[in-house]
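Okay, my_file31.cif is below, mmCIF, C-alpha atoms:
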```
data_target
loop_
_atom_site.label_atom_id
_atom_site.label_comp_id
_atom_site.auth_asym_id
_atom_site.auth_seq_id
_atom_site.Cartn_x
_atom_site.Cartn_y
_atom_site.Cartn_z
CA SER F 22 0.00 0.00 0.00
CA GLN F 23 1.18 3.51 -0.72
CA GLN F 24 -0.85 4.88 2.14
CA GLY F 25 0.90 7.27 4.46
CA GLU F 26 0.46 6.99 8.19
CA GLU F 27 0.64 10.02 10.43
CA ASP F 28 1.99 10.01 13.94
CA PRO F 29 0.96 10.93 16.58
CA GLN F 30 -2.77 10.44 16.15
CA ALA F 31 -3.44 13.40 18.43
CA LEU F 32 -1.34 16.29 19.69
CA SER F 33 -2.21 19.05 22.13
CA ILE F 34 0.06 22.05 22.68
CA GLN F 35 -0.03 25.59 24.02
CA GLU F 36 -0.23 28.54 21.69
CA GLY F 37 3.23 29.69 20.72
CA GLU F 38 4.78 26.25 20.94
CA ASN F 39 5.98 24.27 17.96
CA ALA F 40 4.07 21.25 16.69
CA THR F 41 5.72 18.34 14.92
CA MET F 42 3.91 15.51 13.21
CA ASN F 43 5.29 12.66 11.20
CA CYS F 44 4.27 10.62 8.20
CA SER F 45 5.59 7.21 7.24
CA TYR F 46 4.93 5.41 3.99
CA LYS F 47 5.82 2.06 2.51
CA THR F 48 6.63 2.38 -1.17
CA SER F 49 8.85 4.64 -3.25
CA ILE F 50 7.33 8.00 -4.00
CA ASN F 51 7.81 10.85 -6.45
CA ASN F 52 6.58 13.41 -3.98
CA LEU F 53 4.61 13.82 -0.78
CA GLN F 54 1.98 16.39 0.08
CA TRP F 55 0.58 17.70 3.33
CA TYR F 56 -3.01 18.83 3.75
CA ARG F 57 -4.97 20.41 6.59
CA GLN F 58 -8.60 19.80 7.45
CA ASN F 59 -10.58 21.99 9.76
CA SER F 60 -13.29 20.18 11.67
CA GLY F 61 -15.62 18.33 9.31
CA ARG F 62 -14.67 20.34 6.25
CA GLY F 63 -12.70 19.83 3.06
CA LEU F 64 -8.94 19.49 2.96
CA VAL F 65 -6.66 22.37 2.11
CA HIS F 66 -3.29 21.82 0.47
CA LEU F 67 -0.33 23.04 2.50
CA ILE F 68 2.87 22.01 0.81
CA LEU F 69 4.38 19.55 -1.68
CA ILE F 70 7.88 18.15 -1.32
CA ARG F 71 9.52 16.22 -4.13
CA SER F 72 11.54 13.07 -3.62
CA ASN F 73 14.78 14.87 -4.49
CA GLU F 74 14.18 17.55 -1.87
CA ARG F 75 15.12 17.16 1.77
CA GLU F 76 13.50 20.22 3.27
CA LYS F 77 10.99 22.83 2.26
CA HIS F 78 9.59 25.91 3.97
CA SER F 79 6.36 27.81 3.59
CA GLY F 80 5.68 30.54 6.12
CA ARG F 81 5.55 28.89 9.55
CA LEU F 82 5.62 25.43 7.99
CA ARG F 83 8.72 23.33 7.57
CA VAL F 84 8.57 19.94 5.89
CA THR F 85 11.36 17.41 5.75
CA LEU F 86 11.57 14.25 3.71
CA ASP F 87 13.85 11.27 4.32
CA THR F 88 13.37 8.82 1.49
CA SER F 89 15.80 6.33 3.02
CA LYS F 90 13.53 6.05 6.06
CA LYS F 91 10.35 6.56 4.02
CA SER F 92 9.23 9.30 6.34
CA SER F 93 8.35 12.96 6.37
CA SER F 94 7.75 15.46 9.12
CA LEU F 95 5.70 18.63 9.27
CA LEU F 96 6.76 21.31 11.74
CA ILE F 97 4.47 24.22 12.56
CA THR F 98 6.35 26.93 14.41
CA ALA F 99 4.84 29.46 16.81
CA SER F 100 1.47 27.73 16.69
CA ARG F 101 -1.79 29.62 16.88
CA ALA F 102 -5.27 28.60 17.94
CA ALA F 103 -6.26 28.80 14.28
CA ASP F 104 -3.84 25.94 13.53
CA THR F 105 -6.20 23.58 15.34
CA ALA F 106 -7.08 21.04 12.68
CA SER F 107 -6.27 17.57 11.38
CA TYR F 108 -3.19 17.19 9.23
CA PHE F 109 -2.79 14.54 6.55
CA CYS F 110 0.02 13.41 4.35
CA ALA F 111 -0.70 12.11 0.87
CA THR F 112 1.51 9.96 -1.30
CA GLY F 113 1.28 8.21 -4.63
CA ASN F 114 -0.99 9.84 -7.15
CA GLN F 115 -2.43 11.91 -4.31
CA PHE F 116 -5.09 9.32 -3.68
CA TYR F 117 -3.62 7.76 -0.58
CA PHE F 118 -4.07 9.64 2.66
CA GLY F 119 -3.20 8.59 6.17
CA THR F 120 -5.59 8.74 9.09
CA GLY F 121 -4.29 12.12 10.11
CA THR F 122 -2.87 13.87 13.16
CA SER F 123 -5.40 15.85 15.16
CA LEU F 124 -3.71 19.00 16.45
CA THR F 125 -5.23 21.10 19.21
CA VAL F 126 -3.62 24.44 20.01
CA ILE F 127 -4.73 25.77 23.37
CA PRO F 128 -4.95 29.58 23.59
CA LYS B 282 -12.42 31.16 -9.64
CA ALA B 283 -15.20 29.53 -7.72
CA GLY B 284 -14.11 26.60 -5.58
CA VAL B 285 -15.30 23.02 -5.64
CA THR B 286 -18.94 22.78 -4.67
CA GLN B 287 -20.82 19.77 -3.38
CA THR B 288 -24.52 19.26 -3.00
CA PRO B 289 -26.30 18.55 -0.85
CA ARG B 290 -24.26 19.42 2.23
CA TYR B 291 -26.25 17.20 4.56
CA LEU B 292 -28.37 14.17 3.91
CA ILE B 293 -30.29 11.71 6.03
CA LYS B 294 -31.35 8.40 4.54
CA THR B 295 -32.54 5.05 5.82
CA ARG B 296 -31.03 1.65 5.25
CA GLY B 297 -31.80 0.18 1.85
CA GLN B 298 -32.32 3.51 0.14
CA GLN B 299 -30.02 4.93 -2.48
CA VAL B 300 -28.39 8.34 -2.65
CA THR B 301 -26.79 10.52 -5.30
CA LEU B 302 -24.22 13.16 -4.44
CA SER B 303 -23.04 15.87 -6.77
CA CYS B 304 -19.70 17.62 -7.22
CA SER B 305 -18.89 20.62 -9.42
CA PRO B 306 -15.14 21.02 -9.93
CA ILE B 307 -13.19 24.20 -10.37
CA SER B 308 -13.56 25.55 -13.89
CA GLY B 309 -10.95 23.99 -16.17
CA HIS B 310 -10.33 20.98 -13.94
CA ARG B 311 -10.98 17.71 -15.69
CA SER B 312 -10.20 15.29 -12.88
CA VAL B 313 -12.63 14.65 -10.05
CA SER B 314 -11.87 12.26 -7.21
CA TRP B 315 -14.19 11.05 -4.49
CA TYR B 316 -13.29 10.08 -0.93
CA GLN B 317 -15.14 8.65 2.02
CA GLN B 318 -14.10 9.86 5.44
CA THR B 319 -15.09 8.10 8.64
CA PRO B 320 -13.59 8.41 12.13
CA GLY B 321 -12.40 4.84 12.13
CA GLN B 322 -11.03 4.48 8.60
CA GLY B 323 -9.82 7.98 7.86
CA LEU B 324 -9.87 9.21 4.29
CA GLN B 325 -10.48 6.41 1.79
CA PHE B 326 -10.23 6.84 -1.95
CA LEU B 327 -13.35 5.84 -3.86
CA PHE B 328 -12.65 6.64 -7.51
CA GLU B 329 -11.28 9.17 -9.94
CA TYR B 330 -12.90 10.39 -13.12
CA PHE B 331 -11.13 12.19 -15.91
CA SER B 332 -12.83 13.33 -19.10
CA GLU B 333 -15.91 11.23 -18.37
CA THR B 334 -13.88 8.04 -17.83
CA GLN B 335 -13.21 6.28 -14.58
CA ARG B 336 -9.43 6.27 -14.31
CA ASN B 337 -8.84 4.79 -10.87
CA LYS B 338 -10.95 2.93 -8.38
CA GLY B 339 -10.50 2.24 -4.69
CA ASN B 340 -11.47 -0.84 -2.76
CA PHE B 341 -15.19 -0.30 -2.33
CA PRO B 342 -18.11 -2.60 -3.19
CA GLY B 343 -20.07 -2.20 -6.39
CA ARG B 344 -22.82 -0.36 -4.50
CA PHE B 345 -20.62 2.68 -4.90
CA SER B 346 -20.59 4.06 -8.40
CA GLY B 347 -19.97 7.33 -10.11
CA ARG B 348 -19.99 9.15 -13.37
CA GLN B 349 -18.71 12.32 -14.90
CA PHE B 350 -20.41 14.57 -17.38
CA SER B 351 -18.97 16.45 -20.32
CA ASN B 352 -18.78 19.63 -18.24
CA SER B 353 -16.63 17.70 -15.70
CA ARG B 354 -19.35 17.73 -13.06
CA SER B 355 -19.46 14.41 -11.28
CA GLU B 356 -21.98 12.40 -9.35
CA MET B 357 -21.55 9.45 -7.09
CA ASN B 358 -24.28 7.04 -6.23
CA VAL B 359 -24.58 4.64 -3.34
CA SER B 360 -27.28 2.00 -3.63
CA THR B 361 -28.77 -0.15 -0.89
CA LEU B 362 -27.42 2.03 1.86
CA GLU B 363 -25.98 0.45 4.99
CA LEU B 364 -25.41 2.00 8.40
CA GLY B 365 -21.67 1.87 7.76
CA ASP B 366 -22.05 4.20 4.80
CA SER B 367 -22.59 7.09 7.19
CA ALA B 368 -19.65 9.35 6.48
CA LEU B 369 -18.39 12.61 5.11
CA TYR B 370 -18.04 12.29 1.34
CA LEU B 371 -15.48 14.60 -0.17
CA CYS B 372 -14.73 15.33 -3.75
CA ALA B 373 -11.58 16.94 -5.05
CA SER B 374 -10.68 18.36 -8.42
CA SER B 375 -7.47 19.02 -10.26
CA THR B 376 -6.36 19.72 -13.80
CA MET B 377 -4.84 16.36 -14.73
CA GLY B 378 -5.42 14.15 -11.69
CA SER B 379 -3.48 10.91 -11.68
CA LEU B 380 -1.97 11.76 -15.05
CA ALA B 381 0.18 14.30 -13.23
CA GLY B 382 1.71 11.56 -11.08
CA GLY B 383 1.02 13.30 -7.79
CA GLN B 384 2.53 16.60 -8.88
CA GLU B 385 -0.72 18.51 -8.62
CA THR B 386 -2.61 20.00 -5.74
CA GLN B 387 -6.08 18.65 -5.23
CA TYR B 388 -8.78 21.15 -4.36
CA PHE B 389 -11.42 19.79 -2.05
CA GLY B 390 -15.05 20.66 -1.68
CA PRO B 391 -16.70 21.11 1.74
CA GLY B 392 -18.15 17.61 1.64
CA THR B 393 -21.55 16.00 1.95
CA ARG B 394 -22.31 14.54 5.33
CA LEU B 395 -24.47 11.45 4.94
CA LEU B 396 -26.25 9.87 7.86
CA VAL B 397 -27.86 6.47 7.34
CA LEU B 398 -30.47 5.47 9.91
#
```
Could the structure of this file be written out as structure tokens, please?
Amino acid sequence: SQQGEEDPQALSIQEGENATMNCSYKTSINNLQWYRQNSGRGLVHLILIRSNEREKHSGRLRVTLDTSKKSSSLLITASRAADTASYFCATGNQFYFGTGTSLTVIP
Amino acid sequence: KAGVTQTPRYLIKTRGQQVTLSCSPISGHRSVSWYQQTPGQGLQFLFEYFSETQRNKGNFPGRFSGRQFSNSRSEMNVSTLELGDSALYLCASSTMGSLAGGQETQYFGPGTRLLVL
């Protein structure tokens, strides 16, 4: 299966702290994408990292990719209450999502 | 550009009934994918349509079907509803879909929440 798996399943932090979540996958990939989903709504694309990239930044987001370990991490710095959401990684032809990490940022 | 729209937003059905959900992609997008999201199983891929043809299919029973029209709008149908079909159904659109090999961003609609009683 190409499905990514996020870890941890749930994460609760104080506003201002950093949040790190991980994604592991099983097969070789061309790229990996991260999405965010606010409660019960559609997913929003955050960032795409290609297999030949090791790190990518977008605003307060930092994504790393280690193809040798088949894993990726998403770091959200200086978290805000508005970052409260579920975060998913997607691999393959974008059709395979993990079960997500539920992030709660406490004001 | 208008985003992906899904109708209806909420639906209540009873076991044994059938349901049809609709998805209008972003203008110019030819690929529409459908997903089922439940608390226990997460986000599961149902199928992808591109230019009126089903291009990929997930591991769902034949009760789940879909189609795409010439204007790229897509519908999915679930027949003989079961309690376990209660879920949030999401559709996503992109320009080339699987043909882009995962290089594209998918744009998701708000979803249709289906409750089967």
Quick one: contact table of chain F to chain B, 12 Å max, nearest atom pair and distance in Å to one decimal per residue, counting only C-alpha atoms, chain and number order, as CSV?
```
residue,atom,partner,partner_atom,distance
F:Ser22,CA,B:Gly339,CA,11.7
F:Gln23,CA,B:Phe326,CA,11.9
F:Gln24,CA,B:Gln325,CA,9.8
F:Gly25,CA,B:Leu324,CA,10.9
F:Glu26,CA,B:Gly323,CA,10.3
F:Glu27,CA,B:Gly323,CA,11.0
F:Gln30,CA,B:Gly323,CA,11.2
F:Ile50,CA,B:Gly383,CA,9.1
F:Asn51,CA,B:Gly383,CA,7.3
F:Asn52,CA,B:Gly383,CA,6.7
F:Leu53,CA,B:Gly383,CA,7.9
F:Gln54,CA,B:Thr386,CA,8.2
F:Trp55,CA,B:Thr386,CA,9.9
F:Tyr56,CA,B:Gln387,CA,9.5
F:Arg57,CA,B:Phe389,CA,10.8
F:Gln58,CA,B:Phe389,CA,9.9
F:Asn59,CA,B:Pro391,CA,10.1
F:Ser60,CA,B:Pro391,CA,10.5
F:Gly61,CA,B:Leu369,CA,7.6
F:Arg62,CA,B:Pro391,CA,5.0
F:Gly63,CA,B:Pro391,CA,4.4
F:Leu64,CA,B:Phe389,CA,5.6
F:Val65,CA,B:Phe389,CA,6.8
F:His66,CA,B:Thr386,CA,6.5
F:Leu67,CA,B:Thr386,CA,9.1
F:Ile68,CA,B:Thr386,CA,8.8
F:Leu69,CA,B:Gln384,CA,8.0
F:Ile70,CA,B:Gln384,CA,9.4
F:Arg71,CA,B:Gln384,CA,8.5
F:Ser72,CA,B:Gln384,CA,11.0
F:Ser107,CA,B:Gly323,CA,10.8
F:Tyr108,CA,B:Gly323,CA,11.4
F:Phe109,CA,B:Leu324,CA,9.1
F:Cys110,CA,B:Leu324,CA,10.7
F:Ala111,CA,B:Gly383,CA,8.9
F:Thr112,CA,B:Gly383,CA,7.3
F:Gly113,CA,B:Gly383,CA,6.0
F:Asn114,CA,B:Gly383,CA,4.1
F:Gln115,CA,B:Gly383,CA,5.1
F:Phe116,CA,B:Phe326,CA,6.0
F:Tyr117,CA,B:Phe326,CA,6.8
F:Phe118,CA,B:Leu324,CA,6.0
F:Gly119,CA,B:Gly323,CA,6.9
F:Thr120,CA,B:Gly323,CA,4.5
F:Gly121,CA,B:Gly323,CA,7.3
F:Thr122,CA,B:Gly323,CA,10.5
F:Ser123,CA,B:Pro320,CA,11.5
```
Nearest candidate to B:Ala368 (options B:Leu396, B:Ala283, B:Val300, B:Ser332; using all atoms listed in the file): B:Leu396
Who sits within 8 Å of F:Ala102, only C-alpha atoms, same chain under 2 positions skipped, as a PyMOL selection string: chain F and resi 36+100+104-105+125-128
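Atom CA of B:Gln298 lies 19.1 Å from atom CA of B:Arg348.
Picture a line from atom CA of F:Leu82 to atom CA of F:Ser49; it runs 23.9 Å.
The space between atom CA of F:Met42 and atom CA of F:Asn73 spans 20.8 Å.
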The PyMOL selection byres ((chain B and resi 309) around 12) resolved against shown file, as an NGL selection string: :B and (282-285 or 305-308 or 310-313 or 331-332 or 351-354 or 374-377)
Selection near B:Arg344, 8 Å with all atoms listed in the file, sequence-local residues under 5 positions removed, as JSON, numbers by chain: {"B": [358, 359, 360, 361]}
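With distances taken over all atoms listed in the file, B:Val397 is the one residue among B:Leu364, B:Cys304, B:Val397, B:Met357 lying closest to B:Leu292.
Counting all atoms listed in the file, F:Arg83 has the following residues at most 9 Å away, ignoring those fewer than 4 positions along the same chain: Glu76, Lys77, His78, Ser79, Ser94, Leu95, Leu96, Ile97 and Thr98 of chain F.
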